[in-house]
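Dropping start.cif in here (mmCIF, N, CA and C atoms):
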```cif
data_input
#
loop_
_atom_site.label_atom_id
_atom_site.label_comp_id
_atom_site.auth_asym_id
_atom_site.auth_seq_id
_atom_site.Cartn_x
_atom_site.Cartn_y
_atom_site.Cartn_z
N MET A 1 0.85 -1.18 0.00
CA MET A 1 0.00 0.00 0.00
C MET A 1 0.89 1.23 0.00
N ALA A 2 0.58 2.17 -0.85
CA ALA A 2 1.43 3.35 -1.02
C ALA A 2 0.94 4.49 -0.13
N ASP A 3 1.89 5.06 0.62
CA ASP A 3 1.55 6.22 1.45
C ASP A 3 1.24 7.42 0.58
N ASP A 4 1.88 7.50 -0.59
CA ASP A 4 1.62 8.61 -1.51
C ASP A 4 0.17 8.58 -1.99
N GLU A 5 -0.34 7.39 -2.21
CA GLU A 5 -1.73 7.24 -2.66
C GLU A 5 -2.70 7.76 -1.60
N LEU A 6 -2.45 7.40 -0.34
CA LEU A 6 -3.31 7.87 0.75
C LEU A 6 -3.21 9.39 0.90
N GLU A 7 -2.01 9.91 0.77
CA GLU A 7 -1.82 11.36 0.88
C GLU A 7 -2.53 12.09 -0.24
N ALA A 8 -2.52 11.53 -1.45
CA ALA A 8 -3.21 12.15 -2.58
C ALA A 8 -4.72 12.15 -2.34
N ILE A 9 -5.23 11.08 -1.78
CA ILE A 9 -6.67 11.01 -1.48
C ILE A 9 -7.03 12.05 -0.43
N ARG A 10 -6.17 12.20 0.59
CA ARG A 10 -6.42 13.21 1.62
C ARG A 10 -6.44 14.62 1.04
N ARG A 11 -5.45 14.92 0.18
CA ARG A 11 -5.38 16.26 -0.42
C ARG A 11 -6.61 16.53 -1.30
N GLN A 12 -7.01 15.52 -2.07
CA GLN A 12 -8.18 15.67 -2.94
C GLN A 12 -9.43 15.91 -2.09
N ARG A 13 -9.57 15.17 -1.04
CA ARG A 13 -10.72 15.31 -0.14
C ARG A 13 -10.74 16.70 0.50
N LEU A 14 -9.59 17.18 0.94
CA LEU A 14 -9.49 18.50 1.56
C LEU A 14 -9.87 19.59 0.56
N ALA A 15 -9.39 19.46 -0.68
CA ALA A 15 -9.73 20.45 -1.70
C ALA A 15 -11.22 20.45 -2.00
N GLU A 16 -11.82 19.26 -2.06
CA GLU A 16 -13.26 19.17 -2.31
C GLU A 16 -14.06 19.80 -1.18
N LEU A 17 -13.63 19.54 0.05
CA LEU A 17 -14.34 20.11 1.19
C LEU A 17 -14.21 21.63 1.22
N GLN A 18 -13.04 22.15 0.90
CA GLN A 18 -12.84 23.60 0.89
C GLN A 18 -13.66 24.26 -0.21
N SER A 19 -13.78 23.63 -1.37
CA SER A 19 -14.56 24.22 -2.45
C SER A 19 -16.06 24.14 -2.14
N LYS A 20 -16.49 23.09 -1.47
CA LYS A 20 -17.91 22.94 -1.13
C LYS A 20 -18.30 23.84 0.04
N HIS A 21 -17.33 24.22 0.86
CA HIS A 21 -17.63 24.99 2.07
C HIS A 21 -18.26 26.34 1.76
N GLY A 22 -17.91 26.95 0.65
CA GLY A 22 -18.45 28.25 0.30
C GLY A 22 -19.90 28.19 -0.16
N ASP A 23 -20.37 27.09 -0.66
CA ASP A 23 -21.72 26.97 -1.20
C ASP A 23 -22.64 26.43 -0.11
N THR A 24 -23.47 27.32 0.48
CA THR A 24 -24.34 26.88 1.58
C THR A 24 -25.72 26.45 1.09
N ALA A 25 -26.08 26.77 -0.14
CA ALA A 25 -27.40 26.39 -0.66
C ALA A 25 -27.52 24.87 -0.78
N ASN A 26 -26.50 24.24 -1.24
CA ASN A 26 -26.51 22.79 -1.41
C ASN A 26 -25.75 22.11 -0.26
N ASP A 27 -25.86 22.71 0.92
CA ASP A 27 -25.09 22.22 2.06
C ASP A 27 -25.46 20.79 2.45
N GLN A 28 -26.75 20.51 2.49
CA GLN A 28 -27.18 19.17 2.88
C GLN A 28 -26.75 18.14 1.84
N GLN A 29 -26.91 18.48 0.58
CA GLN A 29 -26.49 17.57 -0.49
C GLN A 29 -24.97 17.39 -0.44
N GLY A 30 -24.26 18.48 -0.16
CA GLY A 30 -22.80 18.41 -0.06
C GLY A 30 -22.36 17.53 1.09
N GLN A 31 -23.06 17.63 2.21
CA GLN A 31 -22.73 16.78 3.35
C GLN A 31 -22.98 15.32 3.04
N GLN A 32 -24.07 15.06 2.33
CA GLN A 32 -24.39 13.68 1.96
C GLN A 32 -23.33 13.13 1.01
N GLU A 33 -22.92 13.95 0.04
CA GLU A 33 -21.88 13.51 -0.89
C GLU A 33 -20.55 13.31 -0.18
N ALA A 34 -20.24 14.20 0.76
CA ALA A 34 -19.00 14.07 1.51
C ALA A 34 -19.01 12.79 2.34
N LYS A 35 -20.15 12.48 2.95
CA LYS A 35 -20.26 11.25 3.74
C LYS A 35 -20.11 10.03 2.84
N GLN A 36 -20.67 10.11 1.63
CA GLN A 36 -20.56 8.99 0.69
C GLN A 36 -19.10 8.81 0.26
N ARG A 37 -18.42 9.92 -0.03
CA ARG A 37 -17.00 9.83 -0.41
C ARG A 37 -16.16 9.29 0.74
N GLU A 38 -16.49 9.72 1.96
CA GLU A 38 -15.78 9.22 3.13
C GLU A 38 -15.95 7.71 3.26
N THR A 39 -17.18 7.23 3.05
CA THR A 39 -17.46 5.80 3.13
C THR A 39 -16.70 5.04 2.04
N GLU A 40 -16.69 5.59 0.83
CA GLU A 40 -15.96 4.95 -0.27
C GLU A 40 -14.47 4.90 0.02
N MET A 41 -13.93 5.99 0.59
CA MET A 41 -12.50 6.03 0.90
C MET A 41 -12.18 4.99 1.98
N ARG A 42 -13.03 4.91 3.01
CA ARG A 42 -12.82 3.92 4.08
C ARG A 42 -12.84 2.51 3.50
N ASN A 43 -13.82 2.24 2.63
CA ASN A 43 -13.93 0.90 2.04
C ASN A 43 -12.74 0.57 1.17
N SER A 44 -12.23 1.55 0.44
CA SER A 44 -11.07 1.27 -0.42
C SER A 44 -9.83 0.99 0.41
N ILE A 45 -9.66 1.73 1.50
CA ILE A 45 -8.51 1.48 2.38
C ILE A 45 -8.64 0.10 3.02
N LEU A 46 -9.84 -0.23 3.50
CA LEU A 46 -10.04 -1.54 4.12
C LEU A 46 -9.85 -2.67 3.11
N ALA A 47 -10.23 -2.43 1.85
CA ALA A 47 -10.03 -3.45 0.81
C ALA A 47 -8.54 -3.68 0.57
N GLN A 48 -7.74 -2.63 0.70
CA GLN A 48 -6.30 -2.78 0.51
C GLN A 48 -5.65 -3.47 1.70
N VAL A 49 -6.23 -3.31 2.89
CA VAL A 49 -5.61 -3.78 4.12
C VAL A 49 -6.04 -5.19 4.49
N LEU A 50 -7.30 -5.56 4.22
CA LEU A 50 -7.84 -6.85 4.66
C LEU A 50 -8.00 -7.82 3.50
N ASP A 51 -7.78 -9.11 3.78
CA ASP A 51 -8.08 -10.09 2.75
C ASP A 51 -9.59 -10.40 2.78
N GLN A 52 -10.04 -11.24 1.87
CA GLN A 52 -11.48 -11.45 1.67
C GLN A 52 -12.17 -12.00 2.91
N SER A 53 -11.57 -13.00 3.56
CA SER A 53 -12.21 -13.60 4.72
C SER A 53 -12.27 -12.62 5.90
N ALA A 54 -11.24 -11.80 6.05
CA ALA A 54 -11.24 -10.80 7.13
C ALA A 54 -12.29 -9.73 6.88
N ARG A 55 -12.47 -9.33 5.61
CA ARG A 55 -13.51 -8.35 5.29
C ARG A 55 -14.90 -8.93 5.57
N ALA A 56 -15.08 -10.22 5.26
CA ALA A 56 -16.36 -10.86 5.53
C ALA A 56 -16.64 -10.89 7.03
N ARG A 57 -15.62 -11.20 7.82
CA ARG A 57 -15.78 -11.22 9.27
C ARG A 57 -16.12 -9.84 9.81
N LEU A 58 -15.46 -8.82 9.29
CA LEU A 58 -15.71 -7.45 9.75
C LEU A 58 -17.11 -6.99 9.36
N SER A 59 -17.57 -7.36 8.18
CA SER A 59 -18.92 -6.97 7.77
C SER A 59 -19.97 -7.71 8.60
N ASN A 60 -19.71 -8.96 8.98
CA ASN A 60 -20.63 -9.68 9.86
C ASN A 60 -20.68 -9.03 11.24
N LEU A 61 -19.52 -8.59 11.71
CA LEU A 61 -19.47 -7.91 13.00
C LEU A 61 -20.24 -6.60 12.95
N ALA A 62 -20.16 -5.91 11.81
CA ALA A 62 -20.86 -4.63 11.66
C ALA A 62 -22.37 -4.82 11.74
N LEU A 63 -22.87 -5.97 11.34
CA LEU A 63 -24.31 -6.23 11.44
C LEU A 63 -24.75 -6.40 12.88
N VAL A 64 -23.89 -7.03 13.69
CA VAL A 64 -24.25 -7.33 15.06
C VAL A 64 -23.88 -6.20 16.02
N LYS A 65 -22.66 -5.70 15.89
CA LYS A 65 -22.16 -4.64 16.78
C LYS A 65 -21.53 -3.53 15.93
N PRO A 66 -22.34 -2.62 15.43
CA PRO A 66 -21.80 -1.59 14.54
C PRO A 66 -20.77 -0.68 15.19
N ASP A 67 -20.93 -0.39 16.48
CA ASP A 67 -19.98 0.49 17.14
C ASP A 67 -18.61 -0.17 17.28
N LYS A 68 -18.60 -1.47 17.57
CA LYS A 68 -17.33 -2.19 17.68
C LYS A 68 -16.66 -2.31 16.32
N ALA A 69 -17.44 -2.58 15.29
CA ALA A 69 -16.89 -2.69 13.94
C ALA A 69 -16.30 -1.35 13.51
N LYS A 70 -16.96 -0.25 13.84
CA LYS A 70 -16.46 1.08 13.50
C LYS A 70 -15.14 1.35 14.20
N ALA A 71 -15.03 0.93 15.47
CA ALA A 71 -13.79 1.12 16.22
C ALA A 71 -12.65 0.33 15.58
N VAL A 72 -12.94 -0.90 15.16
CA VAL A 72 -11.91 -1.74 14.53
C VAL A 72 -11.51 -1.13 13.18
N GLU A 73 -12.49 -0.65 12.41
CA GLU A 73 -12.19 -0.01 11.13
C GLU A 73 -11.30 1.21 11.34
N ASN A 74 -11.64 2.05 12.31
CA ASN A 74 -10.83 3.23 12.59
C ASN A 74 -9.41 2.84 12.99
N TYR A 75 -9.29 1.79 13.80
CA TYR A 75 -7.97 1.31 14.21
C TYR A 75 -7.16 0.84 13.00
N LEU A 76 -7.79 0.07 12.12
CA LEU A 76 -7.09 -0.44 10.94
C LEU A 76 -6.69 0.70 9.99
N ILE A 77 -7.58 1.66 9.80
CA ILE A 77 -7.28 2.78 8.91
C ILE A 77 -6.14 3.62 9.48
N GLN A 78 -6.16 3.83 10.79
CA GLN A 78 -5.09 4.59 11.43
C GLN A 78 -3.74 3.87 11.27
N MET A 79 -3.75 2.55 11.47
CA MET A 79 -2.51 1.79 11.30
C MET A 79 -2.03 1.84 9.85
N ALA A 80 -2.97 1.80 8.91
CA ALA A 80 -2.61 1.85 7.49
C ALA A 80 -2.01 3.21 7.14
N ARG A 81 -2.58 4.27 7.67
CA ARG A 81 -2.06 5.62 7.38
C ARG A 81 -0.68 5.84 7.97
N MET A 82 -0.40 5.18 9.09
CA MET A 82 0.92 5.31 9.71
C MET A 82 1.93 4.34 9.11
N GLY A 83 1.46 3.46 8.24
CA GLY A 83 2.36 2.51 7.61
C GLY A 83 2.78 1.38 8.52
N GLN A 84 1.97 1.05 9.51
CA GLN A 84 2.32 0.01 10.46
C GLN A 84 1.88 -1.38 10.01
N LEU A 85 1.16 -1.46 8.91
CA LEU A 85 0.71 -2.77 8.43
C LEU A 85 1.66 -3.24 7.33
N GLY A 86 2.12 -4.46 7.47
CA GLY A 86 3.09 -4.97 6.52
C GLY A 86 2.48 -5.80 5.41
N GLY A 87 1.24 -5.67 5.12
CA GLY A 87 0.57 -6.45 4.09
C GLY A 87 -0.88 -6.62 4.45
N LYS A 88 -1.54 -7.51 3.74
CA LYS A 88 -2.95 -7.74 4.03
C LYS A 88 -3.11 -8.53 5.31
N ILE A 89 -4.12 -8.16 6.07
CA ILE A 89 -4.40 -8.83 7.33
C ILE A 89 -5.34 -10.00 7.05
N SER A 90 -4.97 -11.16 7.57
CA SER A 90 -5.79 -12.36 7.37
C SER A 90 -6.90 -12.41 8.40
N ASP A 91 -7.71 -13.45 8.31
CA ASP A 91 -8.81 -13.63 9.24
C ASP A 91 -8.29 -13.79 10.67
N THR A 92 -7.23 -14.56 10.85
CA THR A 92 -6.68 -14.76 12.20
C THR A 92 -6.08 -13.47 12.74
N GLY A 93 -5.47 -12.68 11.87
CA GLY A 93 -4.94 -11.39 12.30
C GLY A 93 -6.04 -10.45 12.75
N LEU A 94 -7.17 -10.49 12.04
CA LEU A 94 -8.31 -9.66 12.42
C LEU A 94 -8.89 -10.12 13.75
N ILE A 95 -8.90 -11.43 13.98
CA ILE A 95 -9.38 -11.95 15.26
C ILE A 95 -8.52 -11.42 16.40
N ASP A 96 -7.20 -11.40 16.20
CA ASP A 96 -6.30 -10.86 17.23
C ASP A 96 -6.60 -9.39 17.50
N ILE A 97 -6.83 -8.62 16.44
CA ILE A 97 -7.14 -7.20 16.60
C ILE A 97 -8.48 -7.03 17.32
N LEU A 98 -9.46 -7.87 16.98
CA LEU A 98 -10.76 -7.81 17.65
C LEU A 98 -10.62 -8.09 19.14
N GLU A 99 -9.76 -9.04 19.50
CA GLU A 99 -9.55 -9.35 20.91
C GLU A 99 -8.91 -8.18 21.64
N LYS A 100 -7.95 -7.51 20.98
CA LYS A 100 -7.31 -6.34 21.59
C LYS A 100 -8.32 -5.22 21.82
N VAL A 101 -9.15 -4.97 20.81
CA VAL A 101 -10.15 -3.91 20.93
C VAL A 101 -11.17 -4.27 21.99
N SER A 102 -11.53 -5.55 22.08
CA SER A 102 -12.49 -5.98 23.10
C SER A 102 -11.93 -5.78 24.50
N GLN A 103 -10.66 -6.06 24.68
CA GLN A 103 -10.05 -5.86 25.99
C GLN A 103 -9.99 -4.38 26.35
N GLN A 104 -9.73 -3.53 25.37
CA GLN A 104 -9.65 -2.10 25.64
C GLN A 104 -11.01 -1.50 25.94
N THR A 105 -12.05 -2.00 25.28
CA THR A 105 -13.37 -1.40 25.43
C THR A 105 -14.28 -2.23 26.33
N GLU A 106 -13.69 -3.19 27.04
CA GLU A 106 -14.49 -4.07 27.88
C GLU A 106 -15.14 -3.26 29.00
N LYS A 107 -16.42 -3.46 29.17
CA LYS A 107 -17.15 -2.74 30.21
C LYS A 107 -17.21 -3.61 31.46
N LYS A 108 -16.87 -3.01 32.56
CA LYS A 108 -16.97 -3.72 33.83
C LYS A 108 -18.37 -3.50 34.37
N THR A 109 -19.09 -4.58 34.54
CA THR A 109 -20.45 -4.49 35.04
C THR A 109 -20.45 -4.69 36.55
N THR A 110 -21.05 -3.76 37.24
CA THR A 110 -21.15 -3.89 38.69
C THR A 110 -22.62 -3.83 39.06
N VAL A 111 -22.96 -4.63 40.03
CA VAL A 111 -24.33 -4.66 40.51
C VAL A 111 -24.31 -4.17 41.95
N LYS A 112 -25.15 -3.20 42.24
CA LYS A 112 -25.21 -2.65 43.58
C LYS A 112 -26.61 -2.88 44.12
N PHE A 113 -26.68 -3.49 45.28
CA PHE A 113 -27.96 -3.75 45.91
C PHE A 113 -28.24 -2.66 46.92
N ASN A 114 -29.36 -2.01 46.78
CA ASN A 114 -29.83 -1.05 47.77
C ASN A 114 -30.97 -1.70 48.52
N ARG A 115 -30.68 -2.13 49.71
CA ARG A 115 -31.70 -2.79 50.51
C ARG A 115 -32.49 -1.74 51.27
N ARG A 116 -33.78 -1.87 51.17
CA ARG A 116 -34.64 -0.90 51.86
C ARG A 116 -34.79 -1.31 53.32
N LYS A 117 -34.73 -0.34 54.15
CA LYS A 117 -34.90 -0.61 55.58
C LYS A 117 -36.39 -0.57 55.90
N VAL A 118 -36.86 -1.66 56.44
CA VAL A 118 -38.27 -1.80 56.76
C VAL A 118 -38.47 -1.41 58.23
N MET A 119 -39.65 -0.97 58.54
CA MET A 119 -39.93 -0.48 59.89
C MET A 119 -39.69 -1.58 60.95
N ASP A 120 -40.15 -2.78 60.70
CA ASP A 120 -39.95 -3.82 61.71
C ASP A 120 -38.69 -4.59 61.39
N SER A 121 -37.71 -4.45 62.22
CA SER A 121 -36.41 -5.05 62.02
C SER A 121 -36.33 -6.38 62.76
N ASP A 122 -35.45 -7.24 62.33
CA ASP A 122 -35.25 -8.53 63.00
C ASP A 122 -34.58 -8.36 64.36
N ASP A 123 -33.92 -7.24 64.57
CA ASP A 123 -33.23 -7.01 65.84
C ASP A 123 -34.23 -6.80 66.99
N GLU A 124 -35.41 -6.44 66.68
CA GLU A 124 -36.40 -6.11 67.71
C GLU A 124 -37.41 -7.24 67.91
N ASP A 125 -36.96 -8.46 67.87
CA ASP A 125 -37.87 -9.60 68.08
C ASP A 125 -38.25 -9.69 69.55
N ASP A 126 -39.55 -9.81 69.81
CA ASP A 126 -40.03 -9.92 71.18
C ASP A 126 -40.49 -11.33 71.51
N ASP A 127 -40.06 -12.29 70.74
CA ASP A 127 -40.50 -13.68 70.94
C ASP A 127 -40.07 -14.23 72.24
#
```
Let me see the file written as structure tokens.
Amino acid sequence: MADDELEAIRRQRLAELQSKHGDTANDQQGQQEAKQRETEMRNSILAQVLDQSARARLSNLALVKPDKAKAVENYLIQMARMGQLGGKISDTGLIDILEKVSQQTEKKTTVKFNRRKVMDSDDEDDD
């Protein structure tokens, strides 16, 4: 994957956003187009980074847990932009990344019992 290619995409995107910024009449349409271009750019980067089975696993995860899939996509895109990926990530590599993200975003569930104090207590037994 070429860093120059990613940089060219970034520059093109920045120029498009700057040219669209002045036109407020078509602002909603511009935002929709920008979101679509962003999605296409993300998909193209993920296609370069992941092999077919890993992409299938990530898309299945997106159906069940969209927020987790988005976090993994952001992580992969960030690693790709920094040049930390040495090739396509396989299904097992994606599983390792999913486990790392799960550990980082793991929620600790705590249960707290609030016991109500009743007027007649067991301490006051007159038996």
Checklist line | Answer key for the PyMOL selection byres (((chain A and resi 72 and name CA) around 10) and name CA), residues as a list in words | finding: Leu58, Leu61, Ala62, Pro66, Asp67, Lys68, Ala69, Lys70, Ala71, Glu73, Asn74, Tyr75, Leu76, Ile77, Gln78, Leu94, Ile97, Leu98, Lys100, Val101 and Ser102 of chain A
Item checked: Atom pair atom N of Met41 (chain A) / CA of Arg10 (chain A): separation (Å) ->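 Pair atom N of Met41 (chain A) / CA of Arg10 (chain A) returns 10.5 Å.
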Checklist line | Option closest in space to Ala54 (chain A), from A:Gln12, A:Gln18, A:Ser90, A:Gln84 [counting only N, CA and C atoms] | finding: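 Nearest to Ala54 (chain A): A:Ser90.
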Checklist line | Residue set, region 14-93 of chain A restricted to helix (DSSP H, G or I), as a ChimeraX atom specification | finding: /A:14-21,27-49,52-64,66-82,91-93
Notebook entry, point to check: Distance atom C of Met82 (chain A)-atom C of Asp3 (chain A), one decimal place?
Noted result: 9.1 Å
Next item on the list: Rounded to one decimal place, report the atom N of Leu6 (chain A)-CA of Arg81 (chain A) distance in Å.
Entry: 7.9 Å
